[in-house]
$ cat model.cif   # mmCIF, C-alpha atoms
data_structure
#
loop_
_atom_site.label_atom_id
_atom_site.label_comp_id
_atom_site.auth_asym_id
_atom_site.auth_seq_id
_atom_site.Cartn_x
_atom_site.Cartn_y
_atom_site.Cartn_z
CA MET A 262 159.45 -4.40 82.86
CA ALA A 263 159.29 -3.88 79.10
CA ILE A 264 155.88 -3.79 77.43
CA SER A 265 157.48 -5.35 74.33
CA ASP A 266 158.01 -8.61 76.26
CA THR A 267 155.58 -11.51 76.14
CA ILE A 268 154.65 -12.43 79.69
CA PHE A 269 152.90 -15.32 81.42
CA ALA A 270 151.66 -16.23 84.89
CA VAL A 271 149.31 -18.58 86.69
CA ALA A 272 146.21 -16.50 87.41
CA SER A 273 144.30 -19.06 89.46
CA GLY A 274 146.34 -18.83 92.66
CA ALA A 275 149.03 -20.90 94.32
CA GLY A 276 148.66 -24.48 95.48
CA ARG A 277 147.24 -27.64 93.97
CA GLY A 278 143.80 -27.50 92.36
CA ALA A 279 141.74 -29.17 89.68
CA ILE A 280 142.43 -26.39 87.17
CA ALA A 281 145.32 -23.94 86.81
CA VAL A 282 144.80 -20.97 84.47
CA MET A 283 147.99 -19.82 82.73
CA ARG A 284 147.67 -16.36 81.17
CA ILE A 285 149.88 -15.12 78.34
CA SER A 286 150.05 -11.61 76.88
CA GLY A 287 152.34 -9.70 74.55
CA PRO A 288 153.43 -9.32 70.94
CA GLU A 289 154.60 -12.93 70.51
CA THR A 290 151.51 -14.53 72.06
CA ALA A 291 150.09 -15.81 68.76
CA GLN A 292 153.33 -17.56 67.84
CA VAL A 293 153.80 -18.99 71.34
CA VAL A 294 150.24 -20.34 71.53
CA ALA A 295 150.37 -21.82 68.03
CA THR A 296 153.71 -23.51 68.76
CA LEU A 297 152.45 -25.19 71.94
CA ALA A 298 148.95 -26.06 70.69
CA GLY A 299 149.59 -26.71 66.99
CA THR A 300 147.36 -23.94 65.63
CA LEU A 301 145.51 -20.89 66.90
CA PRO A 302 141.86 -21.52 67.83
CA ALA A 303 139.03 -19.20 66.81
CA PRO A 304 139.01 -15.98 68.86
CA ARG A 305 137.17 -16.17 72.18
CA MET A 306 136.10 -19.78 71.58
CA ALA A 307 137.18 -22.53 73.99
CA SER A 308 139.18 -25.27 72.24
CA LEU A 309 140.52 -28.54 73.67
CA ARG A 310 144.17 -29.02 72.63
CA TRP A 311 147.17 -31.21 73.37
CA LEU A 312 150.17 -29.13 74.41
CA ARG A 313 153.69 -30.25 73.51
CA HIS A 314 157.10 -28.94 74.51
CA PRO A 315 158.65 -27.21 71.47
CA ALA A 316 162.16 -28.54 72.12
CA THR A 317 161.39 -32.22 72.84
CA ASN A 318 157.87 -32.68 71.43
CA GLU A 319 157.02 -34.18 74.81
CA LEU A 320 153.32 -34.17 75.70
CA LEU A 321 152.71 -31.65 78.50
CA ASP A 322 148.95 -31.66 79.05
CA GLN A 323 145.53 -31.71 77.47
CA ALA A 324 144.19 -28.20 78.05
CA VAL A 325 141.35 -25.87 77.20
CA LEU A 326 142.75 -22.98 75.15
CA LEU A 327 141.31 -19.47 74.73
CA TRP A 328 142.70 -16.92 72.29
CA PHE A 329 142.01 -13.16 72.62
CA PRO A 330 143.52 -11.10 69.79
CA GLY A 331 144.21 -7.47 70.69
CA PRO A 332 142.94 -4.90 71.20
CA LYS A 333 139.82 -6.75 72.41
CA SER A 334 141.50 -8.39 75.37
CA TYR A 335 142.04 -7.59 79.04
CA THR A 336 145.47 -6.09 78.40
CA GLY A 337 144.65 -4.58 75.00
CA GLU A 338 147.28 -6.77 73.32
CA ASP A 339 147.27 -10.35 71.99
CA SER A 340 146.49 -12.64 74.91
CA GLY A 341 145.80 -16.29 75.58
CA GLU A 342 144.78 -18.62 78.38
CA PHE A 343 145.66 -22.26 78.98
CA HIS A 344 143.25 -23.99 81.38
CA LEU A 345 145.57 -26.72 82.58
CA HIS A 346 145.24 -29.60 84.99
CA GLY A 347 146.33 -28.16 88.31
CA GLY A 348 149.27 -30.40 89.20
CA SER A 349 152.53 -28.60 89.95
CA ALA A 350 154.43 -30.72 87.39
CA VAL A 351 152.01 -29.71 84.64
CA VAL A 352 152.26 -26.01 85.51
CA ALA A 353 156.05 -26.19 85.73
CA GLY A 354 156.32 -28.02 82.41
CA VAL A 355 154.17 -25.49 80.54
CA GLY A 356 156.05 -22.63 82.19
CA ASP A 357 159.37 -24.10 81.07
CA ALA A 358 158.03 -24.42 77.53
CA LEU A 359 156.92 -20.78 77.53
CA VAL A 360 160.34 -19.62 78.72
CA SER A 361 161.99 -21.66 75.97
CA LEU A 362 159.86 -19.73 73.46
CA GLY A 363 161.05 -16.36 74.77
CA ALA A 364 158.26 -15.47 77.19
CA ARG A 365 159.04 -14.45 80.75
CA PRO A 366 157.16 -14.67 84.09
CA ALA A 367 155.01 -11.61 84.76
CA GLU A 368 155.62 -9.21 87.63
CA PRO A 369 152.83 -8.54 90.17
CA GLY A 370 150.10 -6.49 88.53
CA GLU A 371 151.79 -6.46 85.12
CA PHE A 372 148.72 -7.62 83.19
CA THR A 373 146.59 -4.82 84.69
CA ARG A 374 149.42 -2.34 84.25
CA ARG A 375 149.47 -3.14 80.54
CA ALA A 376 145.69 -2.73 80.41
CA PHE A 377 146.12 0.76 81.85
CA LEU A 378 148.99 1.68 79.54
CA ASN A 379 147.01 0.45 76.54
CA GLY A 380 143.98 2.56 77.49
CA ARG A 381 141.74 -0.32 78.53
CA MET A 382 141.06 1.28 81.93
CA ASP A 383 141.98 4.32 83.99
CA LEU A 384 144.08 4.19 87.14
CA THR A 385 141.14 4.26 89.57
CA ALA A 386 139.57 1.26 87.79
CA ALA A 387 142.88 -0.61 88.06
CA GLU A 388 142.93 0.10 91.79
CA GLY A 389 139.34 -1.08 91.98
CA ILE A 390 140.37 -4.44 90.50
CA ALA A 391 143.01 -4.83 93.21
CA ASP A 392 140.38 -3.98 95.84
CA LEU A 393 137.92 -6.46 94.30
CA ILE A 394 140.49 -9.26 94.56
CA ALA A 395 141.14 -8.34 98.21
CA ALA A 396 137.47 -7.79 99.17
CA ASP A 397 136.36 -9.79 102.24
CA THR A 398 132.84 -8.39 102.68
CA ASP A 399 129.83 -7.46 100.57
CA ALA A 400 130.29 -3.73 101.16
CA GLN A 401 133.94 -3.91 100.10
CA ARG A 402 132.88 -5.82 96.98
CA ARG A 403 130.25 -3.21 96.12
CA GLN A 404 132.69 -0.35 96.58
CA ALA A 405 135.35 -2.06 94.45
CA LEU A 406 132.86 -2.88 91.68
CA ARG A 407 131.68 0.73 91.53
CA GLN A 408 135.27 1.84 91.13
CA VAL A 409 135.95 -0.78 88.44
CA ASP A 410 132.79 0.41 86.68
CA GLY A 411 134.22 3.94 86.61
CA ALA A 412 132.08 5.71 89.23
CA LEU A 413 135.02 7.68 90.65
CA ALA A 414 136.48 8.30 87.20
CA ARG A 415 133.15 9.67 85.94
CA LEU A 416 132.87 11.97 88.94
CA THR A 417 136.37 13.39 88.60
CA GLY A 418 136.10 13.39 84.81
CA GLY A 419 133.09 15.66 85.11
CA TRP A 420 135.08 18.00 87.31
CA ALA A 421 137.95 17.96 84.81
CA ALA A 422 135.53 18.86 81.98
CA GLN A 423 134.21 21.80 84.01
CA LEU A 424 137.75 22.92 84.73
CA THR A 425 138.67 22.74 81.06
CA ARG A 426 135.76 25.02 80.17
CA LEU A 427 136.70 27.48 82.91
CA LEU A 428 140.29 27.49 81.69
CA ALA A 429 139.13 28.09 78.11
CA HIS A 430 137.06 31.09 79.25
CA GLN A 431 139.98 32.48 81.23
CA GLU A 432 142.40 32.03 78.34
CA ALA A 433 139.94 33.68 75.95
CA ALA A 434 139.66 36.68 78.26
CA ILE A 435 143.46 37.05 78.10
CA GLU A 436 144.17 36.26 74.45
CA PHE A 437 141.20 38.04 72.88
CA ALA A 438 140.77 40.99 75.22
CA GLU A 439 140.51 43.36 72.25
CA ASP A 440 137.85 41.32 70.44
CA ASP A 441 134.10 41.53 70.82
CA LEU A 442 133.80 38.98 73.65
CA PRO A 443 131.76 39.19 76.86
CA THR A 444 133.57 41.39 79.36
CA ASP A 445 132.82 39.15 82.34
CA LEU A 446 134.62 35.99 81.19
CA SER A 447 137.21 36.25 83.98
CA ASP A 448 134.48 36.79 86.56
CA ARG A 449 132.62 33.75 85.27
CA ALA A 450 135.79 31.66 85.50
CA ARG A 451 136.40 32.76 89.10
CA ALA A 452 132.80 32.05 90.08
CA GLY A 453 132.99 28.64 88.44
CA ALA A 454 136.26 27.87 90.22
CA SER A 455 134.66 28.80 93.54
CA ALA A 456 131.64 26.55 92.95
CA LEU A 457 133.81 23.63 91.85
CA ARG A 458 136.13 24.04 94.83
CA ARG A 459 133.15 23.81 97.20
CA GLU A 460 131.91 20.67 95.45
CA ILE A 461 135.33 19.00 95.73
CA ALA A 462 135.62 20.11 99.37
CA ALA A 463 132.29 18.43 100.13
CA HIS A 464 133.65 15.12 98.82
CA LEU A 465 136.86 15.55 100.79
CA ALA A 466 134.80 16.07 103.97
CA ASP A 467 133.51 12.47 103.94
CA ASP A 468 135.29 11.32 107.13
CA SER A 469 137.47 9.02 105.00
CA LYS A 470 134.62 6.53 104.61
CA GLY A 471 136.05 4.97 101.47
CA GLU A 472 139.43 4.35 103.05
CA ARG A 473 137.81 3.01 106.22
CA LEU A 474 135.71 0.53 104.25
CA ARG A 475 138.66 -0.58 102.16
CA GLU A 476 140.98 -1.04 105.15
CA GLY A 477 138.38 -2.01 107.79
CA LEU A 478 137.40 -0.46 111.10
CA VAL A 479 138.99 -1.03 114.49
CA VAL A 480 136.78 -1.32 117.59
CA ALA A 481 138.60 -1.41 120.95
CA ILE A 482 137.03 -2.91 124.07
CA LEU A 483 138.11 -1.01 127.19
CA GLY A 484 137.20 -1.45 130.82
CA ALA A 485 138.40 -2.34 134.29
CA PRO A 486 139.68 -5.83 135.06
CA ASN A 487 136.84 -8.35 135.36
CA ALA A 488 134.35 -6.09 133.58
CA GLY A 489 133.75 -8.99 131.20
CA LYS A 490 135.65 -7.67 128.17
CA SER A 491 137.04 -11.04 127.09
CA SER A 492 133.65 -12.70 127.55
CA LEU A 493 132.13 -9.97 125.38
CA LEU A 494 134.79 -10.51 122.69
CA ASN A 495 134.08 -14.26 122.66
CA ALA A 496 130.32 -13.71 122.54
CA LEU A 497 130.54 -11.31 119.60
CA ALA A 498 133.07 -13.52 117.79
CA GLY A 499 131.06 -16.68 118.39
CA ARG A 500 134.14 -18.58 119.55
CA GLU A 501 136.63 -18.79 122.42
CA ALA A 502 139.14 -16.28 121.10
CA ALA A 503 140.26 -14.93 124.49
CA ILE A 504 140.93 -16.65 127.80
CA VAL A 505 138.19 -15.97 130.36
CA SER A 506 138.93 -16.22 134.07
CA ALA A 507 137.50 -14.91 137.34
CA ARG A 508 141.02 -13.78 138.17
CA ALA A 509 141.51 -10.09 137.43
CA GLY A 510 144.16 -9.07 134.92
CA THR A 511 144.10 -12.25 132.79
CA THR A 512 144.42 -10.29 129.53
CA ARG A 513 147.92 -8.84 129.24
CA ASP A 514 148.07 -8.15 125.50
CA VAL A 515 145.66 -7.09 122.76
CA VAL A 516 143.55 -10.01 121.46
CA GLU A 517 141.93 -9.37 118.06
CA VAL A 518 139.18 -11.03 116.03
CA ARG A 519 137.71 -10.11 112.63
CA LEU A 520 133.98 -9.51 112.21
CA ASP A 521 131.71 -8.65 109.31
CA LEU A 522 129.22 -6.00 110.42
CA ALA A 523 126.70 -5.02 107.73
CA GLY A 524 129.35 -5.71 105.10
CA VAL A 525 132.00 -3.62 106.85
CA PRO A 526 135.15 -5.48 107.97
CA VAL A 527 135.82 -4.82 111.66
CA THR A 528 138.75 -5.77 113.87
CA LEU A 529 137.47 -6.19 117.43
CA ALA A 530 140.27 -5.76 119.98
CA ASP A 531 140.10 -6.99 123.57
CA THR A 532 142.57 -5.11 125.77
CA ALA A 533 144.15 -5.32 129.20
CA GLY A 534 142.05 -4.08 132.13
CA LEU A 535 142.55 -0.43 133.05
CA ARG A 536 143.94 -0.14 136.58
CA GLU A 537 147.15 0.56 138.47
CA ALA A 538 149.58 -2.01 137.04
CA GLY A 539 150.85 -4.73 139.32
CA ASP A 540 154.03 -5.49 137.34
CA GLU A 541 155.90 -4.37 134.25
CA ILE A 542 154.10 -6.87 131.99
CA GLU A 543 150.67 -5.62 132.99
CA GLU A 544 151.92 -2.04 132.69
CA GLU A 545 152.94 -2.69 129.08
CA GLY A 546 149.57 -4.34 128.43
CA ILE A 547 147.74 -1.26 129.71
CA ARG A 548 149.91 0.99 127.54
CA ARG A 549 149.02 -1.11 124.51
CA ALA A 550 145.34 -0.98 125.45
CA GLN A 551 145.39 2.82 125.60
CA ARG A 552 147.33 3.08 122.34
CA ARG A 553 144.86 0.75 120.60
CA ALA A 554 141.96 2.83 121.89
CA GLU A 555 143.57 6.05 120.62
CA GLU A 556 143.88 4.51 117.13
CA ALA A 557 140.41 2.92 117.13
CA ASP A 558 137.46 4.15 115.09
CA LEU A 559 135.11 3.18 117.92
CA VAL A 560 135.57 2.35 121.60
CA LEU A 561 133.36 0.04 123.64
CA ALA A 562 133.60 1.37 127.21
CA VAL A 563 132.56 -1.61 129.35
CA PHE A 564 131.45 -1.23 132.98
CA ALA A 565 130.42 -4.07 135.28
CA ALA A 566 126.92 -3.98 136.74
CA ASP A 567 128.22 -5.26 140.10
CA ALA A 568 130.84 -2.50 140.54
CA PRO A 569 130.79 1.32 140.51
CA PRO A 570 132.03 3.00 137.32
CA ASP A 571 135.82 3.31 137.48
CA ALA A 572 137.62 6.57 136.68
CA ALA A 573 140.03 5.01 134.16
CA THR A 574 137.19 3.78 131.91
CA LEU A 575 135.11 6.93 132.44
CA ALA A 576 137.97 8.90 130.88
CA TRP A 577 137.30 7.12 127.56
CA VAL A 578 133.58 7.96 127.41
CA SER A 579 133.39 10.30 124.43
CA SER A 580 131.61 10.88 121.13
CA ASN A 581 133.31 7.85 119.54
CA ALA A 582 132.46 5.47 122.39
CA LEU A 583 129.57 3.14 123.06
CA VAL A 584 128.93 2.80 126.78
CA LEU A 585 128.02 -0.73 127.95
CA VAL A 586 127.00 -2.15 131.31
CA ASN A 587 127.93 -5.83 131.33
CA LYS A 588 127.09 -8.57 133.85
CA THR A 589 123.46 -7.47 134.17
CA ASP A 590 122.70 -11.03 135.23
CA LEU A 591 124.28 -9.99 138.57
CA GLY A 592 122.29 -6.77 138.94
CA PRO A 593 120.76 -3.89 136.98
CA GLY A 594 123.77 -1.56 137.07
CA PRO A 595 123.63 2.23 136.69
CA ASP A 596 121.01 3.88 134.44
CA ILE A 597 123.25 6.82 133.54
CA ILE A 598 127.04 6.89 133.14
CA SER A 599 128.75 10.20 132.49
CA GLY A 600 125.52 11.65 131.08
CA THR A 601 124.99 8.68 128.73
CA VAL A 602 122.35 5.96 128.87
CA PRO A 603 124.38 2.73 128.58
CA LEU A 604 123.43 -0.42 126.70
CA ALA A 605 122.66 -3.16 129.22
CA ILE A 606 124.11 -6.55 128.27
CA SER A 607 125.22 -9.86 129.71
CA ALA A 608 127.98 -11.60 127.82
CA ARG A 609 127.37 -14.71 129.93
CA THR A 610 123.63 -15.12 129.25
CA GLY A 611 123.47 -13.31 125.89
CA PHE A 612 121.03 -10.67 127.13
CA GLY A 613 121.20 -7.50 125.02
CA LEU A 614 123.80 -8.87 122.57
CA ASP A 615 121.46 -8.80 119.57
CA GLY A 616 120.79 -5.13 120.25
CA LEU A 617 124.51 -4.49 120.60
CA ARG A 618 125.24 -6.22 117.28
CA THR A 619 122.59 -4.08 115.59
CA ARG A 620 124.03 -0.92 117.11
CA LEU A 621 127.58 -1.90 116.08
CA ALA A 622 126.40 -2.56 112.52
CA GLU A 623 124.73 0.87 112.43
CA GLU A 624 127.90 2.54 113.70
CA ALA A 625 130.02 0.62 111.15
CA VAL A 626 127.87 1.82 108.23
CA LEU A 627 127.88 5.36 109.64
CA LEU A 628 131.69 5.34 109.84
CA ALA A 629 132.51 3.47 106.62
CA GLY A 630 129.44 3.64 104.41
CA SER A 631 127.81 0.75 102.58
CA GLY A 632 129.95 0.74 99.44
CA ASP A 633 127.16 2.17 97.28
CA ALA A 634 128.65 5.65 96.72
CA ALA A 635 131.58 6.87 94.61
CA LEU A 636 134.05 7.43 97.45
CA LEU A 637 137.75 8.13 97.66
CA THR A 638 139.44 4.86 98.59
CA ARG A 639 143.14 5.76 98.79
CA PRO A 640 145.27 8.52 100.28
CA ARG A 641 146.56 9.44 96.80
CA HIS A 642 142.96 10.18 95.68
CA ARG A 643 142.55 12.53 98.62
CA ALA A 644 145.94 14.16 97.97
CA ALA A 645 145.09 14.84 94.30
CA LEU A 646 141.73 16.40 95.13
CA THR A 647 143.23 18.43 97.98
CA GLU A 648 145.81 19.82 95.60
CA ALA A 649 143.16 20.61 92.97
CA ALA A 650 141.03 22.43 95.56
CA ALA A 651 144.04 24.47 96.66
CA TRP A 652 144.75 25.54 93.08
CA LEU A 653 141.10 26.49 92.61
CA ALA A 654 141.33 28.67 95.71
CA ASP A 655 144.37 30.36 94.17
CA ALA A 656 142.40 30.93 90.96
CA GLU A 657 139.63 32.63 92.95
CA THR A 658 141.99 35.11 94.59
CA ALA A 659 144.54 35.63 91.78
CA VAL A 660 145.25 39.35 91.22
CA LEU A 661 146.10 38.84 87.53
CA PRO A 662 144.19 36.89 84.86
CA GLU A 663 147.42 35.13 83.87
CA LEU A 664 147.88 33.84 87.43
CA ALA A 665 144.28 32.63 87.53
CA SER A 666 144.81 30.81 84.25
CA GLU A 667 147.95 29.08 85.53
CA ALA A 668 146.15 28.03 88.75
CA LEU A 669 143.30 26.49 86.74
CA ARG A 670 145.80 24.65 84.54
CA ALA A 671 147.51 23.23 87.65
CA ALA A 672 144.12 22.09 89.02
CA VAL A 673 143.46 20.22 85.75
CA ARG A 674 146.83 18.46 86.09
CA ALA A 675 146.06 17.48 89.71
CA LEU A 676 142.74 15.89 88.68
CA GLY A 677 144.46 14.16 85.77
CA ARG A 678 146.88 12.43 88.12
CA LEU A 679 143.96 10.85 90.00
CA THR A 680 142.75 8.89 86.97
CA GLY A 681 146.18 8.57 85.36
CA ARG A 682 145.59 10.93 82.48
CA VAL A 683 148.75 12.95 83.11
CA GLY A 684 152.01 12.67 85.04
CA VAL A 685 151.62 9.21 86.59
CA GLU A 686 155.02 7.68 85.92
CA ASP A 687 156.14 8.23 89.51
CA ILE A 688 153.11 6.47 91.05
CA LEU A 689 152.66 3.43 88.78
CA ASP A 690 155.01 1.23 90.79
CA VAL A 691 153.21 2.15 94.01
CA VAL A 692 149.81 1.27 92.55
CA PHE A 693 150.62 -2.01 90.79
CA ARG A 694 152.98 -3.60 93.29
CA GLU A 695 149.91 -4.30 95.47
CA PHE A 696 148.56 -6.74 92.85
CA CYS A 697 148.96 -10.50 92.93
CA ILE A 698 150.90 -12.42 90.28
CA GLY A 699 148.74 -13.16 87.23
CA LYS A 700 146.65 -10.01 87.47
#
$ encode --input "model.cif" --output "C-alpha cells"
Amino acid sequence: MAISDTIFAVASGAGRGAIAVMRISGPETAQVVATLAGTLPAPRMASLRWLRHPATNELLDQAVLLWFPGPKSYTGEDSGEFHLHGGSAVVAGVGDALVSLGARPAEPGEFTRRAFLNGRMDLTAAEGIADLIAADTDAQRRQALRQVDGALARLTGGWAAQLTRLLAHQEAAIEFAEDDLPTDLSDRARAGASALRREIAAHLADDSKGERLREGLVVAILGAPNAGKSSLLNALAGREAAIVSARAGTTRDVVEVRLDLAGVPVTLADTAGLREAGDEIEEEGIRRAQRRAEEADLVLAVFAADAPPDAATLAWVSSNALVLVNKTDLGPGPDIISGTVPLAISARTGFGLDGLRTRLAEEAVLLAGSGDAALLTRPRHRAALTEAAAWLADAETAVLPELASEALRAAVRALGRLTGRVGVEDILDVVFREFCIGK
C-alpha cells in the first residue's frame, strides 16, 4: 500500500444503480483524468464529459467529472470523481482504462488512510467516518458526527496541552534548579498531574456508553416455559419473529430481532424457557439462554400472571433486570416479586406495552447515552487513556523529579496515540481495515 500510487474505487456501493461514483486519488490523477476526459475541468466544478479508453479510443461513457486539486481534497492529494452510469459494463470498462494508465484498485479505507497521513484529519475523526457509514440509528449518527467534527480530539488535545505545560514546568525545575525560578515548580506539576488524572478517570468511568452505543445493546428475555416470552418478542418487534404455541418448551434456541429504542440499536433475544430440561436439545437451549443473559446489558425477567413466580427466573432478578408480569388478561398477577414492583403487561392484548417500550427506551439511553457527548467509542481509546492515567499516577508518587518528568512524557505519548499524533504505525491496519472499499 504505497502512498505514491494512484488509486481508484467505486465509492457508491456494490450492485446496479442509476449512478456509480468512481473516485481517483494520487500523484498521477491529473494526467489520468485528462487522458480519459480530454482535458481537466475547472476545480470543484461539475463538467459533463465523454470518456474514452486510452488504448482503443473506444467510447466508455458520458459522465459528470469533478476535479479536486490537492491539498484541498478529501485525501489531501490530487483527486477526481467520475459520476458514471451505474451499469456493471460501464464501471468495468472505466476501471480497465484506469488500470491501463497505471492506477490500481484501492484497498479498504485507503482514501481515508491517506487523508490521515496527509494531515486532513486525526485518527479519531477517521474512526468517526467509519462509524458514520455503519450508523443504523439517529443516536449512532449523532455520536459519529461529533467524533468526525473533532469532539473527542479536542477533549484529548486539551489534556495533551495541559500535560505539555506540566512537563515543561517539571523539566524547568530540573534543568534550571540553580536559576531564580519559583521553588514549587515540581509541586505544581504533581498537583496538576493529580487533577488531570482525576479528570481522565471520570471519563473512563462512563460505563462504556460510547462503545455500547456504537455496538448496540443486548436485551435478553428470560422466563419459565409458557410465560409468554415469544409473544412479547413478537409484540415488541411488530412481526411474527418467533413461533408461538400453547405447548411449553417451543423455543429451543435464541431468537433475535433488532430494535431502535430512542436512537439506540438493541438486539432483543428470546430464549428457551427456564426449567428442568426434558432432553439434550432443550438442555442446550437453556444453557444458551443463561449464557445470553450473562452477556446481556439488560434482562427482561418475565413471569406469568396465572402461575406463581418460578425459582429459576427469580434467580435473574437483579439490578440489571426489568421484572414483568405477562398474561394479565388472565389475572392480575403478583404486586411484588422479589421486593420489586413488576410492570404489568399482556403481550396478547397489548396492555402495558407502550409503557414497557418507554421504559426500555429510558434504560437504553441510560446504558448507552444519546450520542450527544464526546465519548470513548473503541477499546483502543480506553486503553490509551488508561495508560495515560497510570503514568500520571506514577508522576504523582515519583521520588525523584527525573522520574516524574519521564512519567509525564510517557503520558503525553499515550494521549498522542489516541489521536494518531505519535507512534501509530502498529494500529493503522487495525483501524482502516474496517472501512469499505472507496472510502
$ residues_around --input "model.cif" --residues "Glu289 of chain A" --least-positions-apart "2" --cutoff "10 Å" --atoms "all atoms listed in the file" --output "PyMOL selection string"
chain A and resi 265-268+285-287+291-294+338-340+362-364
$ residues_around --input "model.cif" --residues "segment 670-677 of chain A" --least-positions-apart "6" --cutoff "10 Å" --atoms "all atoms listed in the file" --output "ChimeraX atom specification"
/A:414,417-418,420-425,427-429,454,642,644-656,664,683-685
$ write_last_selection --input "model.cif" --atoms "C-alpha atoms" --output "short mmCIF file (atom, residue, chain, number, x, y, z; two decimals), in the frame of the given file"
data_model
loop_
_atom_site.label_atom_id
_atom_site.label_comp_id
_atom_site.auth_asym_id
_atom_site.auth_seq_id
_atom_site.Cartn_x
_atom_site.Cartn_y
_atom_site.Cartn_z
CA ALA A 414 136.48 8.30 87.20
CA THR A 417 136.37 13.39 88.60
CA GLY A 418 136.10 13.39 84.81
CA TRP A 420 135.08 18.00 87.31
CA ALA A 421 137.95 17.96 84.81
CA ALA A 422 135.53 18.86 81.98
CA GLN A 423 134.21 21.80 84.01
CA LEU A 424 137.75 22.92 84.73
CA THR A 425 138.67 22.74 81.06
CA LEU A 427 136.70 27.48 82.91
CA LEU A 428 140.29 27.49 81.69
CA ALA A 429 139.13 28.09 78.11
CA ALA A 454 136.26 27.87 90.22
CA HIS A 642 142.96 10.18 95.68
CA ALA A 644 145.94 14.16 97.97
CA ALA A 645 145.09 14.84 94.30
CA LEU A 646 141.73 16.40 95.13
CA THR A 647 143.23 18.43 97.98
CA GLU A 648 145.81 19.82 95.60
CA ALA A 649 143.16 20.61 92.97
CA ALA A 650 141.03 22.43 95.56
CA ALA A 651 144.04 24.47 96.66
CA TRP A 652 144.75 25.54 93.08
CA LEU A 653 141.10 26.49 92.61
CA ALA A 654 141.33 28.67 95.71
CA ASP A 655 144.37 30.36 94.17
CA ALA A 656 142.40 30.93 90.96
CA LEU A 664 147.88 33.84 87.43
CA VAL A 683 148.75 12.95 83.11
CA GLY A 684 152.01 12.67 85.04
CA VAL A 685 151.62 9.21 86.59
#
$ resolve_selection --input "model.cif" --expression "the PyMOL selection byres ((chain A and resi 317) around 12)" --output "list in words"
Leu297, Leu312, Arg313, His314, Pro315, Ala316, Asn318, Glu319, Leu320, Leu321, Gly354, Asp357, Ala358 and Ser361 of chain A
$ closest_residue --input "model.cif" --among "A:Asp383, A:Asp392, A:Glu663, A:Glu476" --to "Asp558 of chain A" --atoms "all atoms listed in the file"
A:Glu476
$ resolve_selection --input "model.cif" --expression "the PyMOL selection byres ((chain A and resi 308) around 7)" --output "PyMOL selection string"
chain A and resi 302+306-307+309-310+325-327
$ residues_around --input "model.cif" --residues "Gly499 of chain A" --least-positions-apart "3" --cutoff "12 Å" --atoms "all atoms listed in the file" --output "number ranges by chain"
A: 491-496, 502-503, 518-520, 608, 611, 614
$ decode --input "model.cif" --residues "segment 581-609 of chain A" --atoms "C-alpha atoms" --output "PDB file, in the first residue's frame"
ATOM      1  CA  ASN A 581     -29.866  -5.007  35.519  1.00  0.00           C
ATOM      2  CA  ALA A 582     -33.275  -6.668  35.168  1.00  0.00           C
ATOM      3  CA  LEU A 583     -36.740  -5.366  34.450  1.00  0.00           C
ATOM      4  CA  VAL A 584     -39.380  -7.519  36.127  1.00  0.00           C
ATOM      5  CA  LEU A 585     -42.530  -8.125  34.048  1.00  0.00           C
ATOM      6  CA  VAL A 586     -45.800  -9.891  34.778  1.00  0.00           C
ATOM      7  CA  ASN A 587     -47.248 -11.053  31.459  1.00  0.00           C
ATOM      8  CA  LYS A 588     -50.668 -12.535  30.648  1.00  0.00           C
ATOM      9  CA  THR A 589     -52.522 -10.020  32.827  1.00  0.00           C
ATOM     10  CA  ASP A 590     -55.541 -10.671  30.624  1.00  0.00           C
ATOM     11  CA  LEU A 591     -55.811 -13.967  32.579  1.00  0.00           C
ATOM     12  CA  GLY A 592     -55.497 -12.378  36.025  1.00  0.00           C
ATOM     13  CA  PRO A 593     -53.795  -9.572  37.945  1.00  0.00           C
ATOM     14  CA  GLY A 594     -50.672 -11.482  38.985  1.00  0.00           C
ATOM     15  CA  PRO A 595     -48.475 -10.630  41.980  1.00  0.00           C
ATOM     16  CA  ASP A 596     -47.976  -6.995  43.080  1.00  0.00           C
ATOM     17  CA  ILE A 597     -44.453  -7.596  44.389  1.00  0.00           C
ATOM     18  CA  ILE A 598     -41.814 -10.018  43.095  1.00  0.00           C
ATOM     19  CA  SER A 599     -38.559 -10.359  44.994  1.00  0.00           C
ATOM     20  CA  GLY A 600     -39.020  -6.898  46.511  1.00  0.00           C
ATOM     21  CA  THR A 601     -39.695  -5.292  43.117  1.00  0.00           C
ATOM     22  CA  VAL A 602     -42.932  -3.849  41.745  1.00  0.00           C
ATOM     23  CA  PRO A 603     -43.271  -5.517  38.317  1.00  0.00           C
ATOM     24  CA  LEU A 604     -44.561  -3.956  35.124  1.00  0.00           C
ATOM     25  CA  ALA A 605     -47.938  -5.492  34.287  1.00  0.00           C
ATOM     26  CA  ILE A 606     -48.367  -6.307  30.592  1.00  0.00           C
ATOM     27  CA  SER A 607     -50.279  -8.515  28.205  1.00  0.00           C
ATOM     28  CA  ALA A 608     -48.458  -9.416  25.023  1.00  0.00           C
ATOM     29  CA  ARG A 609     -51.714 -10.832  23.644  1.00  0.00           C
TER      30      ARG A 609
END
